[in-house]
Structure formats: C-alpha cells, structure tokens
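Here is the file final_16.cif (mmCIF, C-alpha atoms).
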```cif
data_run
loop_
_atom_site.label_atom_id
_atom_site.label_comp_id
_atom_site.auth_asym_id
_atom_site.auth_seq_id
_atom_site.Cartn_x
_atom_site.Cartn_y
_atom_site.Cartn_z
CA MET K 716 -36.91 143.43 -15.90
CA ARG K 717 -40.66 143.95 -16.32
CA PHE K 718 -43.06 141.11 -15.61
CA PRO K 719 -46.37 140.53 -17.43
CA GLY K 720 -49.19 141.87 -15.38
CA GLY K 721 -46.83 143.82 -13.08
CA ARG K 722 -48.83 147.01 -13.45
CA THR K 723 -52.08 145.16 -12.74
CA ILE K 724 -50.56 143.60 -9.63
CA ALA K 725 -49.41 147.03 -8.42
CA LYS K 726 -52.91 148.44 -8.92
CA TYR K 727 -54.40 145.50 -7.02
CA LYS K 728 -52.01 146.07 -4.11
CA LEU K 729 -52.89 149.76 -4.03
CA LYS K 730 -56.63 149.01 -4.01
CA SER K 731 -56.15 146.40 -1.32
CA LYS K 732 -54.20 148.81 0.86
CA LYS K 733 -56.86 151.49 0.43
CA ALA K 734 -59.59 149.00 1.31
CA LEU K 735 -57.70 148.05 4.47
CA PHE K 736 -57.34 151.71 5.43
CA ASP K 737 -61.07 152.25 4.87
CA VAL K 738 -62.01 149.19 6.92
CA LEU K 739 -59.83 150.19 9.82
CA GLY K 740 -60.77 153.86 9.63
CA MET K 741 -57.15 154.74 9.00
CA ASP K 742 -58.06 157.73 6.82
CA ALA K 743 -59.73 159.33 9.82
CA VAL K 744 -56.80 158.41 12.05
CA MET K 745 -54.28 159.96 9.64
CA GLU K 746 -56.38 163.11 9.32
CA GLU K 747 -56.57 163.47 13.09
CA ARG K 748 -52.80 163.02 13.36
CA ARG K 749 -52.30 165.71 10.70
CA ARG K 750 -54.53 168.15 12.56
CA GLN K 751 -52.83 167.42 15.87
CA ALA K 752 -49.41 168.06 14.33
CA LEU K 753 -50.65 171.41 13.04
CA VAL K 754 -52.15 172.38 16.40
CA VAL K 755 -49.01 171.42 18.34
CA SER K 756 -46.79 173.44 16.00
CA MET K 757 -49.18 176.40 16.22
CA GLY K 758 -49.49 176.24 20.01
CA PHE K 759 -53.12 177.15 20.69
CA GLU K 760 -55.23 174.01 20.89
CA GLY K 761 -58.88 174.52 20.02
CA GLN K 762 -58.34 178.09 18.80
CA TRP K 763 -57.05 177.58 15.26
CA ASP K 764 -60.10 179.17 13.62
CA ASP K 765 -60.19 182.13 16.02
CA HIS K 766 -56.52 182.92 15.40
CA ARG K 767 -56.85 182.59 11.64
CA ALA K 768 -60.01 184.72 11.46
CA PHE K 769 -58.57 187.51 13.61
CA GLN K 770 -55.35 187.78 11.64
CA MET K 771 -57.07 187.86 8.26
CA ASP K 772 -59.64 190.40 9.43
CA PHE K 773 -56.99 192.65 10.97
CA LEU K 774 -54.91 192.71 7.81
CA ARG K 775 -57.89 193.37 5.55
CA ARG K 776 -58.90 196.29 7.77
CA ASN K 777 -55.37 197.67 7.59
CA GLY K 778 -54.89 197.90 3.87
CA LEU K 779 -54.20 194.39 2.56
CA THR K 780 -54.61 194.20 -1.22
CA GLU K 781 -53.78 191.69 -3.93
CA LYS K 782 -50.61 193.63 -4.68
CA THR K 783 -49.31 193.63 -1.09
CA ARG K 784 -45.82 192.19 -0.70
CA PHE K 785 -46.16 190.26 2.54
CA LEU K 786 -43.55 188.76 4.88
CA GLU K 787 -44.42 186.66 7.92
CA TYR K 788 -41.83 185.86 10.58
CA GLY K 789 -42.70 182.68 12.44
CA SER K 790 -45.01 181.44 9.69
CA GLY K 791 -45.34 178.00 11.31
CA PRO K 792 -47.98 175.68 9.82
CA LEU K 793 -49.52 178.59 7.85
CA THR K 794 -52.38 179.39 10.19
CA LEU K 795 -52.39 182.78 8.49
CA GLY K 796 -50.33 182.00 5.41
CA LEU K 797 -52.67 179.56 3.70
CA PRO K 798 -55.78 181.79 3.49
CA LEU K 799 -53.62 184.88 2.98
CA MET K 800 -51.81 183.59 -0.10
CA ARG K 801 -55.19 183.08 -1.79
CA GLU K 802 -55.77 186.85 -1.64
CA LEU K 803 -52.30 187.87 -2.79
CA ALA K 804 -50.83 187.81 -6.27
CA PRO K 805 -48.68 184.72 -6.98
CA GLY K 806 -45.38 185.12 -5.15
CA GLY K 807 -46.84 187.76 -2.84
CA TYR K 808 -46.47 185.70 0.33
CA THR K 809 -43.16 184.89 2.02
CA GLY K 810 -42.99 182.92 5.26
CA VAL K 811 -39.89 182.45 7.43
CA ASP K 812 -39.58 179.94 10.26
CA VAL K 813 -36.67 178.43 12.15
CA ARG K 814 -38.21 174.94 12.42
CA ASP K 815 -37.56 172.44 9.61
CA SER K 816 -40.27 170.04 10.76
CA VAL K 817 -42.94 172.73 10.83
CA MET K 818 -41.94 174.02 7.41
CA ASN K 819 -42.38 170.50 6.07
CA LEU K 820 -45.93 170.57 7.43
CA ALA K 821 -46.44 173.95 5.76
CA TYR K 822 -45.36 172.62 2.36
CA GLU K 823 -47.75 169.70 2.77
CA GLU K 824 -50.61 172.08 3.60
CA VAL K 825 -49.92 174.20 0.51
CA HIS K 826 -50.01 171.11 -1.68
CA ARG K 827 -53.04 169.66 0.07
CA ALA K 828 -54.97 172.92 -0.40
CA GLY K 829 -54.06 173.10 -4.08
CA GLN K 830 -52.23 176.40 -3.61
CA THR K 831 -48.88 175.61 -5.23
CA ALA K 832 -49.77 177.93 -8.12
CA ARG K 833 -49.76 180.83 -5.64
CA ASN K 834 -45.99 180.29 -5.53
CA PRO K 835 -45.44 181.07 -1.84
CA ARG K 836 -41.86 181.32 -0.62
CA LEU K 837 -41.28 179.31 2.54
CA ILE K 838 -37.84 179.82 4.05
CA VAL K 839 -36.20 177.90 6.90
CA ALA K 840 -33.64 180.22 8.48
CA SER K 841 -32.06 181.02 11.83
CA ASP K 842 -31.17 184.58 10.69
CA PHE K 843 -34.77 185.70 10.03
CA GLY K 844 -34.14 185.25 6.32
CA ALA K 845 -31.46 187.95 6.24
CA ALA K 846 -29.35 186.12 3.68
CA ALA K 847 -32.20 184.73 1.57
CA LEU K 848 -34.08 188.06 1.42
CA ALA K 849 -31.15 190.47 1.13
CA GLY K 850 -32.17 193.55 -0.85
CA GLU K 851 -35.91 192.81 -0.77
CA ASN K 852 -38.63 195.00 0.73
CA PHE K 853 -42.16 194.21 1.90
CA ASP K 854 -45.25 196.35 2.36
CA MET K 855 -46.47 194.38 5.36
CA ILE K 856 -44.47 192.33 7.85
CA TRP K 857 -46.22 190.24 10.50
CA SER K 858 -45.34 188.20 13.58
CA PHE K 859 -48.17 186.66 15.57
CA SER K 860 -47.35 185.06 18.91
CA VAL K 861 -43.64 185.15 18.09
CA LEU K 862 -41.88 187.99 19.92
CA TYR K 863 -42.42 186.54 23.38
CA HIS K 864 -40.54 183.39 22.34
CA LEU K 865 -37.37 185.30 21.40
CA SER K 866 -34.38 186.09 23.60
CA ASP K 867 -33.17 189.68 23.93
CA ASP K 868 -30.43 189.10 21.36
CA LEU K 869 -32.91 187.62 18.90
CA ILE K 870 -35.25 190.60 19.30
CA GLU K 871 -32.33 192.87 18.42
CA ALA K 872 -31.58 190.76 15.34
CA LEU K 873 -35.23 190.65 14.30
CA PHE K 874 -35.69 194.42 14.53
CA ALA K 875 -32.52 194.96 12.50
CA ASN K 876 -34.08 192.72 9.86
CA ILE K 877 -37.37 194.61 10.08
CA LYS K 878 -35.50 197.83 9.38
CA ALA K 879 -33.84 196.28 6.33
CA ARG K 880 -36.93 194.51 4.97
CA LEU K 881 -39.66 197.11 5.53
CA ALA K 882 -40.65 199.21 2.52
CA PRO K 883 -40.48 203.01 3.05
CA GLN K 884 -44.23 203.26 3.78
CA GLY K 885 -44.52 199.70 5.11
CA THR K 886 -45.81 198.48 8.47
CA TYR K 887 -44.80 195.71 10.85
CA TRP K 888 -47.29 194.31 13.38
CA ALA K 889 -46.66 191.94 16.26
CA ASN K 890 -48.41 190.97 19.50
CA ILE K 891 -46.59 190.77 22.84
CA ASN K 892 -47.26 189.25 26.26
CA THR K 893 -47.49 191.67 29.17
CA THR K 894 -49.85 189.76 31.51
CA VAL K 895 -49.04 186.03 31.67
CA ALA K 896 -46.18 184.70 33.83
CA GLU K 897 -43.05 183.48 32.08
CA SER K 898 -42.71 179.78 31.31
CA GLN K 899 -41.61 177.45 28.51
CA TRP K 900 -43.30 176.33 25.27
CA LEU K 901 -41.70 173.38 23.46
CA GLU K 902 -38.06 174.38 22.92
CA PHE K 903 -38.80 178.10 23.24
CA PRO K 904 -39.05 180.43 26.24
CA PHE K 905 -42.33 182.20 26.96
CA LEU K 906 -41.43 185.71 28.07
CA ASN K 907 -43.22 188.67 29.64
CA ARG K 908 -41.93 192.10 28.59
CA ALA K 909 -43.28 195.64 28.78
CA PRO K 910 -43.89 197.58 25.55
CA ASN K 911 -41.04 199.96 26.45
CA PHE K 912 -38.58 197.09 26.05
CA TYR K 913 -39.57 196.77 22.39
CA ALA K 914 -39.81 200.54 21.90
CA GLU K 915 -36.19 201.01 22.98
CA ILE K 916 -34.92 198.35 20.59
CA ALA K 917 -37.07 199.77 17.78
CA GLY K 918 -35.59 203.22 18.40
CA ARG K 919 -32.04 201.90 18.24
CA ASN K 920 -32.87 200.49 14.81
CA GLY K 921 -34.46 203.62 13.38
CA LEU K 922 -38.02 202.42 13.91
CA ALA K 923 -41.00 204.03 15.65
CA LEU K 924 -43.39 201.93 17.77
CA SER K 925 -47.04 202.49 18.63
CA GLN K 926 -49.38 200.45 20.84
CA LEU K 927 -52.77 199.63 19.31
CA GLY K 928 -54.40 198.02 22.36
CA THR K 929 -55.11 194.39 23.16
CA ILE K 930 -56.00 191.97 20.41
CA ALA K 931 -59.38 191.49 22.11
CA GLU K 932 -60.00 195.22 21.70
CA LEU K 933 -58.99 194.84 18.05
CA GLY K 934 -61.51 192.08 17.35
CA PHE K 935 -60.04 188.79 18.60
CA VAL K 936 -62.89 186.64 19.96
CA GLY K 937 -60.89 183.77 21.45
CA THR K 938 -61.12 183.19 25.18
CA GLY K 939 -57.52 182.17 25.87
CA PRO K 940 -55.13 184.39 27.85
CA GLU K 941 -53.58 185.68 24.60
CA LYS K 942 -56.69 187.88 24.21
CA ASP K 943 -54.88 190.34 26.50
CA ASN K 944 -51.77 190.48 24.32
CA THR K 945 -50.86 194.01 23.21
CA MET K 946 -50.59 194.64 19.48
CA LEU K 947 -47.62 196.72 18.38
CA GLU K 948 -47.35 198.71 15.16
CA ILE K 949 -43.88 199.59 13.90
CA ARG K 950 -42.86 201.84 11.02
CA HIS K 951 -39.73 203.63 9.88
CA ALA K 952 -38.96 206.53 12.21
#
```
Mind turning the file's structure into structure tokens?
Amino acid sequence: MRFPGGRTIAKYKLKSKKALFDVLGMDAVMEERRRQALVVSMGFEGQWDDHRAFQMDFLRRNGLTEKTRFLEYGSGPLTLGLPLMRELAPGGYTGVDVRDSVMNLAYEEVHRAGQTARNPRLIVASDFGAAALAGENFDMIWSFSVLYHLSDDLIEALFANIKARLAPQGTYWANINTTVAESQWLEFPFLNRAPNFYAEIAGRNGLALSQLGTIAELGFVGTGPEKDNTMLEIRHA
C-alpha cells in the first residue's frame, strides 16, 4: 500500500541523514575507511602512488598500446588496474585475485571511478583463472608483489597457467624478493627465493626467464625495501 506523501517523507529522511553525516564529518570518515581498506589489501602503506606510477610507466615503456590484451594475476584493489583500463580498449583488462573481499573493493573502485564502460573482467579464482580463461591468450601478463606470497606448488600452477595464457609473442613480468627475510603478510607467506628457483620452474613449463635488474634500477622511486626486488621477464622458450 502506498501512502500519500510517502515519497516526500523518504526524500526528507534522505536529506536528514545526509545533513547528519555532514555535521558529524562522516563523509570524511567513510572516505578514510575506504582508503585504509585499499591500502591494507594492497600491502604498502604510504606508497600507493609510487607503486601505481612505476607499474604504469614500466608497461608504457615496454609496448603497452590500446589494443593490448592484458591479464593481471593478483589484481587486488586495482592499484594498477584502474589507471590501466583507461588506456586499453573496452574489455582489454582482466584481473584475477583469490580474495573475494578485495575483489568487492575492486568492483566498487571501478564504479566509483566511472569506469564500468571499460568493461573490465574481474575474476575471483583459486586456480589462477584456469577454468574461466580456458582457451584465451594475452599479450601482456603481470604480477606485482605476488610471487613471493605463493607456495612452491602454487608457483608451479601459476607458471603452467602462464604457459597456457601467454600469446606466442607475449611477455609476463613479475617482481621477486631476494633480499628481505621471510615472514608473514595477512594470510599469506612472505618468501625469499633466488631467481634460479623461478628459472627452473619456467624451464619445466616451456618458458624462458630473464632478469631485468631491481625495480629501483628500472625506475621505481619508492623508499621501501621492495625497491630491491628483482624484476623477471618471461616468454615462451
């Protein structure tokens, strides 16, 4: 049943609620909570802009175009994904992450930024998207600050997926930790492995690995310990 003036009453309640939020500064509080959730899920407090700028610059310098078919493993809260999808054709960006909660944040960020028309594909999967992306190839595949959170078995599974997903002339890039002691981050391990560990697994999967140097040497300006991470480049053997 509809009551006379019901719509007017609803509008009044909405205005009253907004006025209360404004008076209490709740808009600012909610925005700060949103930013904190993004930072926690990304893992590098105070370095969001540095990480985003480095990744975008690296990809532009390495052949990114509007037509690039791009796949990101460990897409998280779209530190890279959000600015990247603006430069790609609609549907050109695909992000895969294992965390439901973080993917929910990612969807909110796409909507908030008005980028739904870019038609990004955001996939929650524990198999690196193997089932959802079966038969598809990508020109560029990217993992930033991901490999050192994966167990040995998961690295094997990831590289098998790289082999299946990488276009014939495509490239996969990922940074690794070779300097910082092992520890724990959220529910994930933080591991220290030599490049040869990854090279051996790449070889078993028909992939060839090269070391490009540290990300600091490649243009990263952040001051955190990740500046000494080694960047790997992987192609079909």
For segment 875-879 of chain K, find every residue with an atom within 7 Å (counting only C-alpha atoms), except residues of its own chain fewer than 2 positions away, and show them as an MDAnalysis selection string. chainID K and resid 845 871:873 881 920 922
Could you tell me, as JSON, numbers by chain, exactly which residues end up selected when the PyMOL selection byres ((chain K and resi 819) around 12) is applied to this structure? {"K": [749, 752, 753, 756, 790, 791, 792, 793, 812, 813, 814, 815, 816, 817, 818, 820, 821, 822, 823, 824, 825, 826, 837, 838, 839]}
Residues from the last selection, C-alpha atoms, saved as a PDB file, keeping the file's coordinate frame:
```pdb
ATOM      1  CA  ARG K 749     -52.300 165.710  10.700  1.00  0.00           C
ATOM      2  CA  ALA K 752     -49.410 168.060  14.330  1.00  0.00           C
ATOM      3  CA  LEU K 753     -50.650 171.410  13.040  1.00  0.00           C
ATOM      4  CA  SER K 756     -46.790 173.440  16.000  1.00  0.00           C
ATOM      5  CA  SER K 790     -45.010 181.440   9.690  1.00  0.00           C
ATOM      6  CA  GLY K 791     -45.340 178.000  11.310  1.00  0.00           C
ATOM      7  CA  PRO K 792     -47.980 175.680   9.820  1.00  0.00           C
ATOM      8  CA  LEU K 793     -49.520 178.590   7.850  1.00  0.00           C
ATOM      9  CA  ASP K 812     -39.580 179.940  10.260  1.00  0.00           C
ATOM     10  CA  VAL K 813     -36.670 178.430  12.150  1.00  0.00           C
ATOM     11  CA  ARG K 814     -38.210 174.940  12.420  1.00  0.00           C
ATOM     12  CA  ASP K 815     -37.560 172.440   9.610  1.00  0.00           C
ATOM     13  CA  SER K 816     -40.270 170.040  10.760  1.00  0.00           C
ATOM     14  CA  VAL K 817     -42.940 172.730  10.830  1.00  0.00           C
ATOM     15  CA  MET K 818     -41.940 174.020   7.410  1.00  0.00           C
ATOM     16  CA  LEU K 820     -45.930 170.570   7.430  1.00  0.00           C
ATOM     17  CA  ALA K 821     -46.440 173.950   5.760  1.00  0.00           C
ATOM     18  CA  TYR K 822     -45.360 172.620   2.360  1.00  0.00           C
ATOM     19  CA  GLU K 823     -47.750 169.700   2.770  1.00  0.00           C
ATOM     20  CA  GLU K 824     -50.610 172.080   3.600  1.00  0.00           C
ATOM     21  CA  VAL K 825     -49.920 174.200   0.510  1.00  0.00           C
ATOM     22  CA  HIS K 826     -50.010 171.110  -1.680  1.00  0.00           C
ATOM     23  CA  LEU K 837     -41.280 179.310   2.540  1.00  0.00           C
ATOM     24  CA  ILE K 838     -37.840 179.820   4.050  1.00  0.00           C
ATOM     25  CA  VAL K 839     -36.200 177.900   6.900  1.00  0.00           C
TER      26      VAL K 839
END
```
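Residues within 9 Å of segment 850-854 of chain K, counting only C-alpha atoms and excluding same-chain residues fewer than 3 positions away, are Thr783, Arg784, Phe785, Leu786, Ala879, Arg880, Leu881, Ala882, Pro883, Gln884, Gly885, Thr886 and Tyr887 of chain K.
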Looking at K:Ala846, K:Leu906, K:Ala889, K:Ala832, which one is nearest to Tyr863 of chain K, with distances taken over all atoms listed in the file? K:Leu906
Translate the PyMOL selection byres ((chain K and resi 940-944) around 10), as applied to the file shown, into an explicit residue set as a PDB file with C-alpha atoms, in the coordinates of the input.
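result_3.pdb, freshly written:
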```pdb
ATOM      1  CA  PHE K 759     -53.120 177.150  20.690  1.00  0.00           C
ATOM      2  CA  SER K 860     -47.350 185.060  18.910  1.00  0.00           C
ATOM      3  CA  ALA K 889     -46.660 191.940  16.260  1.00  0.00           C
ATOM      4  CA  ASN K 890     -48.410 190.970  19.500  1.00  0.00           C
ATOM      5  CA  ILE K 891     -46.590 190.770  22.840  1.00  0.00           C
ATOM      6  CA  ASN K 892     -47.260 189.250  26.260  1.00  0.00           C
ATOM      7  CA  THR K 893     -47.490 191.670  29.170  1.00  0.00           C
ATOM      8  CA  THR K 894     -49.850 189.760  31.510  1.00  0.00           C
ATOM      9  CA  VAL K 895     -49.040 186.030  31.670  1.00  0.00           C
ATOM     10  CA  GLY K 928     -54.400 198.020  22.360  1.00  0.00           C
ATOM     11  CA  THR K 929     -55.110 194.390  23.160  1.00  0.00           C
ATOM     12  CA  ILE K 930     -56.000 191.970  20.410  1.00  0.00           C
ATOM     13  CA  ALA K 931     -59.380 191.490  22.110  1.00  0.00           C
ATOM     14  CA  GLU K 932     -60.000 195.220  21.700  1.00  0.00           C
ATOM     15  CA  LEU K 933     -58.990 194.840  18.050  1.00  0.00           C
ATOM     16  CA  GLY K 934     -61.510 192.080  17.350  1.00  0.00           C
ATOM     17  CA  PHE K 935     -60.040 188.790  18.600  1.00  0.00           C
ATOM     18  CA  VAL K 936     -62.890 186.640  19.960  1.00  0.00           C
ATOM     19  CA  GLY K 937     -60.890 183.770  21.450  1.00  0.00           C
ATOM     20  CA  THR K 938     -61.120 183.190  25.180  1.00  0.00           C
ATOM     21  CA  GLY K 939     -57.520 182.170  25.870  1.00  0.00           C
ATOM     22  CA  THR K 945     -50.860 194.010  23.210  1.00  0.00           C
ATOM     23  CA  MET K 946     -50.590 194.640  19.480  1.00  0.00           C
ATOM     24  CA  LEU K 947     -47.620 196.720  18.380  1.00  0.00           C
TER      25      LEU K 947
END
```
Can you measure atom CA of Gly810 of chain K to atom CA of Tyr788 of chain K for me? One decimal in Å is fine.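 Atom CA of Tyr788 of chain K lies 6.2 Å from atom CA of Gly810 of chain K.
Residues in contact range of Glu802 of chain K, defined as at most 6 Å between all atoms listed in the file, with sequence neighbours fewer than 2 positions away removed, read Glu781, Leu799 and Met800 of chain K.
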The distance between atom CA of Asp765 of chain K and atom CA of Trp857 of chain K is 17.1 Å
At a cut-off of 10 Å, using all atoms listed in the file, what residues contact Pro805 of chain K? Leave out same-chain residues fewer than 4 positions from it and give the result as a list in words.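 Selected residues are Glu781, Lys782, Met800, Arg801, Gln830, Thr831, Ala832, Arg833, Asn834, Pro835 and Arg836 of chain K.
The two atoms in question, atom CA of Ala840 of chain K and atom CA of Ile916 of chain K, are spaced 21.8 Å apart.
Taking all atoms listed in the file into account, Ile870 of chain K lies nearest to K:Glu915 out of the set K:Glu897, K:Asp772, K:Glu902, K:Glu915.
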Dig up all the protein and nucleic acid residues within 8 Å of (-54.8, 183.6, 9.3) in the file frame, using all atoms listed in the file, and format them as a list of chain:residue names.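 Residues lying no farther than 8 Å from the given point: K:His766, K:Arg767, K:Ala768, K:Phe769, K:Gln770, K:Met771, K:Leu793, K:Thr794, K:Leu795, K:Gly796, K:Leu797, K:Pro798, K:Leu799.
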Find, counting all atoms listed in the file, the residue in K:Ser925, K:Ala917, K:Asp868, K:Glu948 that gets nearest to Ile856 of chain K.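 The shortest atom-to-atom distance to Ile856 of chain K comes from K:Glu948.
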List the residues sitting within 8 Å of (-39.0, 181.6, 21.9) in the file's frame, using all atoms listed in the file, as a list in words. Val861, Leu862, Tyr863, His864, Leu865, Ser866, Trp900, Glu902, Phe903, Pro904, Phe905 and Leu906 of chain K
With all atoms listed in the file as the atoms that count, which of K:Asn911, K:Arg950, K:Phe859, K:Gln899 lies nearest to Ala923 of chain K? K:Arg950
